[in-house]
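Working notes for the structure below.
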Amino acid sequence: MNRLNSFISNSSHTASQSVGLAVYAAGWVLTGLVIIDLALNFLFAYPRDARVRPTFLQSYFEYGRSTEGQLKRMTRPERSLSAPITLSGWYDPLQIRDFIPKNAQNPIVTIYGMSHAGRLANALDRISDRFTARAVTAPGSTSNWAYGAYLRDHSGGKSYAVVLAFMSELLAMNSTLSPMSWNIDSPMPYTADRFVLNGDQLAVIHPPYTSFNQYVATFFDHDKWPAARDFFARNDPVYNPLIFRANIFDHSALVRLVRRAYGQRYLRSVRKAVLDETGYNPNSEEVKVAQAMIHEFALSARRDGMIPVIFLVNNLGFSNYLYQALSPILHRDNIPYLSSDTIISPNDPRGYLPDSHFTDPVDDELARALVKIIEKEGAMRSSNVSTH
């Protein structure tokens with residue numbers, strides 16, 4: 001019995017020592033993590049001046065900060081003191097780039113969309129003496145933003161042809177109200193119209209603000225901003241409060257990195273439900289809305305005497321799934337389209353820049369193909385007019 005009691009006593013003592021060592025080690029690990037966290041925040045502190053471009057490491061350890069936290073860093077009530085990224089993409093006023101016409105009589109081609117659309121306009125200006133380019137673009141814009149811009153752009157009615165851009169990587173974001181909900185590394189505050197199907201017709205949900213001045217008036221108002229945030233939560237299906245909402249963990253570099261990993265995984269699941277590198281879902285809301293958008297865009301343009309063209313940007317590694325997803329409406333309504341996979345394979349990295357844009361030679365080839373499409377449609381229209 002004494003031996004048993006002694007064994008139990010020794011075992012208890014050993015167990016207590018083990019627990020004590022574990023707690024001691026955990027305490028040191030936790031202390032080390034706190035020191036590392038504080039050091040990272042100090043050594044790679046983000047610039048206080050919103051206009052100053054951060055270094056690579058400052059940006060890297062900023063990754064994972066909440067959307068609200070990043071907006072607070074970027075936004076100032078004064079336009080001149082706010083980060084340049086906060087000034088782009090607004091509907092009011094639209095940022096329209098008019099190219100200098102090489103001939104005052106040249107027909108105008110207006111291109112709506114993301115930076116890829118802007119580069120296509122640049123290429124059209126480079127290679128064509130026949131048409132004058134005009135660009136209505138926003139950085140990283142989704143097609144619903146572009147279609148909303150087309151509807152708001154009254155000068156578009158003066159164009160000979162209008163081009164609406166779609167992109168593989170962004171088709172899943174076609175139902176969002178702002179890049180704030182999905183661009184987790186560099187959220188931009190500009191907003192977009194959201195289009196939804198009401199039977200066979202498109203209905204529109206307008207964002208709570210559409211200009212920089214309205215944005216800052218909302219963002220710095222203790223009542224208006226929570227109301228706007230709730231609006232996004234109700235109407236933007238990609239909105240995620242764990243990514244969007246600011247909290248105390250914004251001050252931890254290590255937690256920010258964990259949040260970024262979570263955000264990337266979340267966005268991969270959003271894309272997979274619509275279109276990603278493995279295929280597309282023809283029954284997704286985003287595909288159906290995109291098809292309806294193309295249908296109504298073409299009807300509107302033709303009604304106003306303009307040639308509609310759809311520009312399909314097939315990103316590297318995404319095959320031509322974007323074309324496959326949207327081709328049924330293109331062929332059914334006989335809508336002219338320019339799909340990038342006819343110029344450069346989506347599996348050939350030689351045609352792409354590291355930032356996902358096409359190389360200049362590819363852009364030039366796309367522009368030449370666009371000219372041929374517009375000229376062919378114009379000739380067919382003239383032939384139909386003369387026949388009647």
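Naming scheme: A, B, ... for chains in displayed order of the structure tokens; residues 1 onward per chain; ligands 1 onward as shown.
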Test item: residues at most 12 Å from Ser327 of chain A, only C-alpha atoms, excluding those fewer than 3 positions along its chain, as an mmCIF file with N, CA and C atoms, in the first residue's frame:
```cif
data_model
loop_
_atom_site.group_PDB
_atom_site.id
_atom_site.type_symbol
_atom_site.label_atom_id
_atom_site.label_comp_id
_atom_site.auth_asym_id
_atom_site.auth_seq_id
_atom_site.Cartn_x
_atom_site.Cartn_y
_atom_site.Cartn_z
ATOM 1 N N PRO A 282 -23.522 26.913 -65.491
ATOM 2 C CA PRO A 282 -24.491 27.631 -66.334
ATOM 3 C C PRO A 282 -25.752 28.052 -65.597
ATOM 4 N N VAL A 287 -24.034 33.981 -64.170
ATOM 5 C CA VAL A 287 -24.030 33.646 -65.601
ATOM 6 C C VAL A 287 -25.339 34.070 -66.241
ATOM 7 N N LYS A 288 -26.449 33.795 -65.587
ATOM 8 C CA LYS A 288 -27.749 34.155 -66.150
ATOM 9 C C LYS A 288 -27.910 35.666 -66.257
ATOM 10 N N ALA A 290 -25.444 37.838 -66.531
ATOM 11 C CA ALA A 290 -24.534 38.296 -67.582
ATOM 12 C C ALA A 290 -25.162 38.105 -68.954
ATOM 13 N N GLN A 291 -25.821 36.972 -69.166
ATOM 14 C CA GLN A 291 -26.476 36.738 -70.446
ATOM 15 C C GLN A 291 -27.604 37.742 -70.675
ATOM 16 N N ILE A 294 -26.103 41.127 -71.552
ATOM 17 C CA ILE A 294 -25.669 41.178 -72.950
ATOM 18 C C ILE A 294 -26.864 41.378 -73.877
ATOM 19 N N HIS A 295 -27.933 40.655 -73.605
ATOM 20 C CA HIS A 295 -29.152 40.777 -74.422
ATOM 21 C C HIS A 295 -29.686 42.203 -74.406
ATOM 22 N N ILE A 310 -19.368 42.569 -77.799
ATOM 23 C CA ILE A 310 -18.996 42.032 -76.486
ATOM 24 C C ILE A 310 -17.524 41.613 -76.531
ATOM 25 N N PHE A 311 -16.746 42.113 -75.579
ATOM 26 C CA PHE A 311 -15.318 41.801 -75.475
ATOM 27 C C PHE A 311 -15.132 40.810 -74.330
ATOM 28 N N LEU A 312 -14.656 39.611 -74.651
ATOM 29 C CA LEU A 312 -14.472 38.548 -73.664
ATOM 30 C C LEU A 312 -12.991 38.385 -73.351
ATOM 31 N N ASN A 320 -11.293 28.773 -72.155
ATOM 32 C CA ASN A 320 -12.249 29.727 -72.733
ATOM 33 C C ASN A 320 -13.634 29.513 -72.118
ATOM 34 N N TYR A 321 -13.621 29.220 -70.813
ATOM 35 C CA TYR A 321 -14.887 28.969 -70.111
ATOM 36 C C TYR A 321 -15.798 30.194 -70.145
ATOM 37 N N LEU A 322 -15.216 31.390 -70.162
ATOM 38 C CA LEU A 322 -16.040 32.590 -70.226
ATOM 39 C C LEU A 322 -16.835 32.610 -71.530
ATOM 40 N N TYR A 323 -16.143 32.324 -72.634
ATOM 41 C CA TYR A 323 -16.851 32.260 -73.916
ATOM 42 C C TYR A 323 -17.930 31.182 -73.881
ATOM 43 N N GLN A 324 -17.604 30.012 -73.336
ATOM 44 C CA GLN A 324 -18.578 28.929 -73.273
ATOM 45 C C GLN A 324 -19.808 29.332 -72.464
ATOM 46 N N LEU A 330 -24.931 35.025 -77.184
ATOM 47 C CA LEU A 330 -24.249 35.682 -78.301
ATOM 48 C C LEU A 330 -24.735 35.116 -79.638
ATOM 49 N N HIS A 331 -24.866 33.809 -79.691
ATOM 50 C CA HIS A 331 -25.297 33.170 -80.939
ATOM 51 C C HIS A 331 -26.812 33.290 -81.133
ATOM 52 N N ARG A 332 -27.560 33.192 -80.054
ATOM 53 C CA ARG A 332 -29.018 33.292 -80.197
ATOM 54 C C ARG A 332 -29.440 34.648 -80.732
ATOM 55 N N ASP A 333 -28.810 35.727 -80.211
ATOM 56 C CA ASP A 333 -29.179 37.080 -80.618
ATOM 57 C C ASP A 333 -28.288 37.637 -81.721
ATOM 58 N N ASN A 334 -27.374 36.788 -82.224
ATOM 59 C CA ASN A 334 -26.476 37.208 -83.297
ATOM 60 C C ASN A 334 -25.740 38.495 -82.927
ATOM 61 N N ILE A 335 -25.121 38.486 -81.738
ATOM 62 C CA ILE A 335 -24.413 39.657 -81.215
ATOM 63 C C ILE A 335 -22.926 39.538 -81.544
ATOM 64 N N PRO A 336 -22.330 40.530 -82.166
ATOM 65 C CA PRO A 336 -20.897 40.474 -82.466
ATOM 66 C C PRO A 336 -20.074 40.387 -81.180
ATOM 67 N N TYR A 337 -19.017 39.609 -81.228
ATOM 68 C CA TYR A 337 -18.177 39.472 -80.038
ATOM 69 C C TYR A 337 -16.722 39.303 -80.443
ATOM 70 N N LEU A 338 -15.852 39.693 -79.536
ATOM 71 C CA LEU A 338 -14.408 39.507 -79.671
ATOM 72 C C LEU A 338 -13.948 38.720 -78.458
ATOM 73 N N SER A 339 -13.576 37.463 -78.665
ATOM 74 C CA SER A 339 -13.114 36.617 -77.570
ATOM 75 C C SER A 339 -11.599 36.479 -77.663
#
```
*Within 6 Å of segment 181-196 of chain A, counting only C-alpha atoms, which residues show up once you throw out same-chain ones fewer than 6 positions away? Write them as a PyMOL selection string, please.*
chain A and resi 63+86+89-90+145+148+175+202-206+239
_Considering only C-alpha atoms, can you say which of A:Ile100, A:Ala301, A:Met114, A:Ala123 comes closest to His154 of chain A?_
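Closest to His154 of chain A, using only C-alpha atoms: A:Ala301.
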*Shell around segment 158-167 of chain A at 8 Å using only C-alpha atoms, local window under 5 positions removed, as a list of chain:residue names*: A:Pro107, A:Ile108, A:Val109, A:Thr110, A:Ile111, A:Tyr112, A:Gly113, A:Met114, A:Ala117, A:Thr142, A:Ser143, A:Ala146, A:Tyr147, A:Ala301, A:Gly305, A:Met306, A:Ile307, A:Pro308, A:Val309, A:Ile310, A:Phe311, A:Leu312, A:Val313, A:Asn314, A:Asn315, A:Leu322, A:Ile374
Take the residues from that selection and put them in a file with N, CA and C atoms, as a PDB file, in the first residue's frame.
```pdb
ATOM      1  N   PRO A 107     -15.641  57.637 -87.091  1.00  0.00           N
ATOM      2  CA  PRO A 107     -16.656  57.149 -86.148  1.00  0.00           C
ATOM      3  C   PRO A 107     -16.029  56.869 -84.785  1.00  0.00           C
ATOM      4  N   ILE A 108     -16.814  57.054 -83.735  1.00  0.00           N
ATOM      5  CA  ILE A 108     -16.339  56.843 -82.365  1.00  0.00           C
ATOM      6  C   ILE A 108     -16.703  55.438 -81.901  1.00  0.00           C
ATOM      7  N   VAL A 109     -15.739  54.775 -81.262  1.00  0.00           N
ATOM      8  CA  VAL A 109     -15.972  53.470 -80.643  1.00  0.00           C
ATOM      9  C   VAL A 109     -15.744  53.626 -79.142  1.00  0.00           C
ATOM     10  N   THR A 110     -16.789  53.455 -78.351  1.00  0.00           N
ATOM     11  CA  THR A 110     -16.684  53.594 -76.898  1.00  0.00           C
ATOM     12  C   THR A 110     -16.601  52.216 -76.254  1.00  0.00           C
ATOM     13  N   ILE A 111     -15.615  52.049 -75.388  1.00  0.00           N
ATOM     14  CA  ILE A 111     -15.354  50.760 -74.744  1.00  0.00           C
ATOM     15  C   ILE A 111     -15.567  50.906 -73.241  1.00  0.00           C
ATOM     16  N   TYR A 112     -16.389  50.033 -72.678  1.00  0.00           N
ATOM     17  CA  TYR A 112     -16.745  50.084 -71.258  1.00  0.00           C
ATOM     18  C   TYR A 112     -16.179  48.863 -70.550  1.00  0.00           C
ATOM     19  N   GLY A 113     -15.511  49.083 -69.407  1.00  0.00           N
ATOM     20  CA  GLY A 113     -15.035  47.937 -68.651  1.00  0.00           C
ATOM     21  C   GLY A 113     -13.858  48.222 -67.755  1.00  0.00           C
ATOM     22  N   MET A 114     -13.078  47.173 -67.528  1.00  0.00           N
ATOM     23  CA  MET A 114     -11.940  47.221 -66.622  1.00  0.00           C
ATOM     24  C   MET A 114     -10.696  47.708 -67.355  1.00  0.00           C
ATOM     25  N   ALA A 117     -10.102  46.663 -70.860  1.00  0.00           N
ATOM     26  CA  ALA A 117     -10.866  47.415 -71.848  1.00  0.00           C
ATOM     27  C   ALA A 117     -10.157  48.723 -72.180  1.00  0.00           C
ATOM     28  N   THR A 142     -16.135  45.278 -62.570  1.00  0.00           N
ATOM     29  CA  THR A 142     -16.938  44.147 -62.997  1.00  0.00           C
ATOM     30  C   THR A 142     -17.835  44.575 -64.162  1.00  0.00           C
ATOM     31  N   SER A 143     -18.444  43.601 -64.814  1.00  0.00           N
ATOM     32  CA  SER A 143     -19.283  43.914 -65.973  1.00  0.00           C
ATOM     33  C   SER A 143     -20.554  44.643 -65.575  1.00  0.00           C
ATOM     34  N   ALA A 146     -19.641  48.147 -65.611  1.00  0.00           N
ATOM     35  CA  ALA A 146     -19.515  48.623 -66.985  1.00  0.00           C
ATOM     36  C   ALA A 146     -20.881  48.859 -67.620  1.00  0.00           C
ATOM     37  N   TYR A 147     -21.811  47.947 -67.384  1.00  0.00           N
ATOM     38  CA  TYR A 147     -23.146  48.121 -67.958  1.00  0.00           C
ATOM     39  C   TYR A 147     -23.852  49.316 -67.313  1.00  0.00           C
ATOM     40  N   ALA A 301     -28.309  49.250 -77.691  1.00  0.00           N
ATOM     41  CA  ALA A 301     -27.381  49.839 -78.651  1.00  0.00           C
ATOM     42  C   ALA A 301     -27.983  49.860 -80.054  1.00  0.00           C
ATOM     43  N   GLY A 305     -29.080  52.918 -82.825  1.00  0.00           N
ATOM     44  CA  GLY A 305     -28.310  52.993 -84.064  1.00  0.00           C
ATOM     45  C   GLY A 305     -26.839  52.698 -83.914  1.00  0.00           C
ATOM     46  N   MET A 306     -26.427  52.056 -82.814  1.00  0.00           N
ATOM     47  CA  MET A 306     -25.023  51.732 -82.577  1.00  0.00           C
ATOM     48  C   MET A 306     -24.781  50.240 -82.767  1.00  0.00           C
ATOM     49  N   ILE A 307     -23.551  49.891 -83.076  1.00  0.00           N
ATOM     50  CA  ILE A 307     -23.155  48.491 -83.213  1.00  0.00           C
ATOM     51  C   ILE A 307     -22.690  47.988 -81.852  1.00  0.00           C
ATOM     52  N   PRO A 308     -23.346  46.958 -81.299  1.00  0.00           N
ATOM     53  CA  PRO A 308     -22.886  46.405 -80.015  1.00  0.00           C
ATOM     54  C   PRO A 308     -21.835  45.322 -80.240  1.00  0.00           C
ATOM     55  N   VAL A 309     -20.794  45.330 -79.414  1.00  0.00           N
ATOM     56  CA  VAL A 309     -19.765  44.285 -79.460  1.00  0.00           C
ATOM     57  C   VAL A 309     -19.471  43.862 -78.023  1.00  0.00           C
ATOM     58  N   ILE A 310     -19.368  42.569 -77.799  1.00  0.00           N
ATOM     59  CA  ILE A 310     -18.996  42.032 -76.486  1.00  0.00           C
ATOM     60  C   ILE A 310     -17.524  41.613 -76.531  1.00  0.00           C
ATOM     61  N   PHE A 311     -16.746  42.113 -75.579  1.00  0.00           N
ATOM     62  CA  PHE A 311     -15.318  41.801 -75.475  1.00  0.00           C
ATOM     63  C   PHE A 311     -15.132  40.810 -74.330  1.00  0.00           C
ATOM     64  N   LEU A 312     -14.656  39.611 -74.651  1.00  0.00           N
ATOM     65  CA  LEU A 312     -14.472  38.548 -73.664  1.00  0.00           C
ATOM     66  C   LEU A 312     -12.991  38.385 -73.351  1.00  0.00           C
ATOM     67  N   VAL A 313     -12.611  38.692 -72.117  1.00  0.00           N
ATOM     68  CA  VAL A 313     -11.229  38.573 -71.664  1.00  0.00           C
ATOM     69  C   VAL A 313     -11.075  37.236 -70.951  1.00  0.00           C
ATOM     70  N   ASN A 314     -10.449  36.276 -71.630  1.00  0.00           N
ATOM     71  CA  ASN A 314     -10.217  34.959 -71.046  1.00  0.00           C
ATOM     72  C   ASN A 314      -8.862  34.978 -70.342  1.00  0.00           C
ATOM     73  N   ASN A 315      -8.885  34.973 -69.021  1.00  0.00           N
ATOM     74  CA  ASN A 315      -7.646  35.088 -68.253  1.00  0.00           C
ATOM     75  C   ASN A 315      -6.777  33.845 -68.370  1.00  0.00           C
ATOM     76  N   LEU A 322     -15.216  31.390 -70.162  1.00  0.00           N
ATOM     77  CA  LEU A 322     -16.040  32.590 -70.226  1.00  0.00           C
ATOM     78  C   LEU A 322     -16.835  32.610 -71.530  1.00  0.00           C
ATOM     79  N   ILE A 374     -16.273  45.446 -86.417  1.00  0.00           N
ATOM     80  CA  ILE A 374     -17.101  46.655 -86.578  1.00  0.00           C
ATOM     81  C   ILE A 374     -17.329  46.968 -88.053  1.00  0.00           C
TER      82      ILE A 374
END
```
*asked:* What parts of segment 115-323 of chain A does DSSP call strand (DSSP E)? I'd like the answer as a VMD selection string.
replied: chain A and resid 132 to 137 161 to 167 194 to 198 201 to 205 275 to 276 279 to 280 307 to 313
Save out the residues we just selected, N, CA and C atoms, as a short mmCIF file (atom, residue, chain, number, x, y, z; two decimals), in the first residue's frame.
```cif
data_model
loop_
_atom_site.label_atom_id
_atom_site.label_comp_id
_atom_site.auth_asym_id
_atom_site.auth_seq_id
_atom_site.Cartn_x
_atom_site.Cartn_y
_atom_site.Cartn_z
N THR A 132 -12.09 56.40 -83.95
CA THR A 132 -11.58 57.14 -82.79
C THR A 132 -12.03 56.43 -81.52
N ALA A 133 -11.09 56.09 -80.67
CA ALA A 133 -11.40 55.37 -79.44
C ALA A 133 -11.92 56.31 -78.36
N ARG A 134 -12.75 55.76 -77.51
CA ARG A 134 -13.27 56.47 -76.33
C ARG A 134 -13.42 55.42 -75.24
N ALA A 135 -12.90 55.68 -74.04
CA ALA A 135 -12.87 54.67 -72.99
C ALA A 135 -13.60 55.16 -71.74
N VAL A 136 -14.48 54.31 -71.22
CA VAL A 136 -15.15 54.55 -69.94
C VAL A 136 -14.82 53.34 -69.07
N THR A 137 -13.82 53.51 -68.20
CA THR A 137 -13.29 52.36 -67.47
C THR A 137 -13.10 52.69 -65.99
N ALA A 161 -20.03 52.51 -82.53
CA ALA A 161 -20.06 51.18 -81.93
C ALA A 161 -19.77 51.30 -80.44
N VAL A 162 -20.34 50.40 -79.65
CA VAL A 162 -20.09 50.36 -78.21
C VAL A 162 -19.66 48.95 -77.84
N VAL A 163 -18.67 48.86 -76.95
CA VAL A 163 -18.07 47.58 -76.57
C VAL A 163 -18.23 47.39 -75.07
N LEU A 164 -18.77 46.24 -74.66
CA LEU A 164 -18.94 45.92 -73.23
C LEU A 164 -18.04 44.75 -72.89
N ALA A 165 -17.17 44.93 -71.87
CA ALA A 165 -16.15 43.92 -71.55
C ALA A 165 -16.59 43.01 -70.41
N PHE A 166 -16.23 41.74 -70.54
CA PHE A 166 -16.41 40.73 -69.49
C PHE A 166 -15.06 40.03 -69.28
N MET A 167 -14.80 39.56 -68.06
CA MET A 167 -13.52 38.92 -67.76
C MET A 167 -13.74 37.67 -66.92
N ARG A 194 -26.10 46.97 -59.25
CA ARG A 194 -26.26 45.52 -59.28
C ARG A 194 -27.53 45.19 -60.06
N PHE A 195 -27.39 44.26 -60.98
CA PHE A 195 -28.53 43.86 -61.80
C PHE A 195 -29.00 42.48 -61.37
N VAL A 196 -30.32 42.33 -61.27
CA VAL A 196 -30.92 41.06 -60.87
C VAL A 196 -32.03 40.73 -61.86
N LEU A 197 -32.32 39.45 -61.97
CA LEU A 197 -33.38 39.02 -62.88
C LEU A 197 -34.74 39.15 -62.22
N ASN A 198 -35.65 39.80 -62.94
CA ASN A 198 -37.04 39.90 -62.53
C ASN A 198 -37.86 39.28 -63.66
N GLN A 201 -36.60 39.96 -67.36
CA GLN A 201 -36.07 41.31 -67.46
C GLN A 201 -35.06 41.57 -66.34
N LEU A 202 -34.21 42.54 -66.59
CA LEU A 202 -33.25 42.95 -65.57
C LEU A 202 -33.84 44.07 -64.72
N ALA A 203 -33.68 43.94 -63.43
CA ALA A 203 -33.98 45.04 -62.51
C ALA A 203 -32.66 45.50 -61.92
N VAL A 204 -32.63 46.72 -61.41
CA VAL A 204 -31.37 47.27 -60.93
C VAL A 204 -31.48 47.67 -59.47
N ILE A 205 -30.42 47.40 -58.72
CA ILE A 205 -30.29 47.88 -57.34
C ILE A 205 -29.17 48.91 -57.35
N LEU A 275 -17.49 30.47 -61.98
CA LEU A 275 -16.52 30.18 -63.05
C LEU A 275 -15.12 30.30 -62.46
N ASP A 276 -14.32 29.26 -62.67
CA ASP A 276 -12.93 29.29 -62.24
C ASP A 276 -12.10 28.50 -63.24
N GLY A 279 -13.92 25.14 -64.68
CA GLY A 279 -15.18 25.11 -65.41
C GLY A 279 -16.11 26.23 -65.00
N TYR A 280 -17.38 26.10 -65.39
CA TYR A 280 -18.35 27.13 -65.05
C TYR A 280 -19.70 26.50 -64.75
N ILE A 307 -23.55 49.89 -83.08
CA ILE A 307 -23.16 48.49 -83.21
C ILE A 307 -22.69 47.99 -81.85
N PRO A 308 -23.35 46.96 -81.30
CA PRO A 308 -22.89 46.41 -80.01
C PRO A 308 -21.83 45.32 -80.24
N VAL A 309 -20.79 45.33 -79.41
CA VAL A 309 -19.77 44.28 -79.46
C VAL A 309 -19.47 43.86 -78.02
N ILE A 310 -19.37 42.57 -77.80
CA ILE A 310 -19.00 42.03 -76.49
C ILE A 310 -17.52 41.61 -76.53
N PHE A 311 -16.75 42.11 -75.58
CA PHE A 311 -15.32 41.80 -75.47
C PHE A 311 -15.13 40.81 -74.33
N LEU A 312 -14.66 39.61 -74.65
CA LEU A 312 -14.47 38.55 -73.66
C LEU A 312 -12.99 38.39 -73.35
N VAL A 313 -12.61 38.69 -72.12
CA VAL A 313 -11.23 38.57 -71.66
C VAL A 313 -11.08 37.24 -70.95
#
```
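Residues surrounding Phe358 of chain A within 12 Å are Ser115, His116, Ala117, Gly118, Arg119, Leu120, Ala123, Val313, Asn314, Asn315, Leu316, Ser340, Asp341, Ile343, Ile344, Ser345, Pro346, Asp348, Pro349, Arg350, Gly351, Tyr352, Asp364, Glu365, Leu366 and Ala367 of chain A [only C-alpha atoms; sequence separation below 6 positions excluded].
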*Could you jot down the atom CA of Ala273 of chain A to atom CA of Asn240 of chain A separation for me, Å, one decimal place?*
16.0 Å
_Here is a test: counting only C-alpha atoms, which residue of A:Ile127, A:Leu177, A:Ile248, A:Val258 is nearest to Ala233 of chain A?_
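Looking only at the distances to Ala233 of chain A, the closest residue turns out to be A:Leu177.
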_Which of A:Gly64, A:Pro84, A:Gly156, A:Pro54 sits closest to Asp304 of chain A [using only C-alpha atoms]_ =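 Comparing A:Gly64, A:Pro84, A:Gly156, A:Pro54 against Asp304 of chain A, the winner is A:Gly156.
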*Nearest to Arg265 of chain A: which of A:Ile243, A:Met180, A:Ala253, A:Ala83 is it, counting only C-alpha atoms?*
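Closest residue, counting only C-alpha atoms: A:Ile243.
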_Point-to-point distance from atom CA of Pro226 of chain A to atom CA of Val238 of chain A, Å rounded to tenths_ =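 If I compute the distance from atom CA of Pro226 of chain A to atom CA of Val238 of chain A, I get 17.8 Å.
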*Residue nearest Asn103 of chain A - candidates A:Ser80, A:Asn283, A:Ser128, A:Asn144, atoms counted: only C-alpha atoms*: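 Counting only C-alpha atoms, the residue closest to Asn103 of chain A is A:Ser128.
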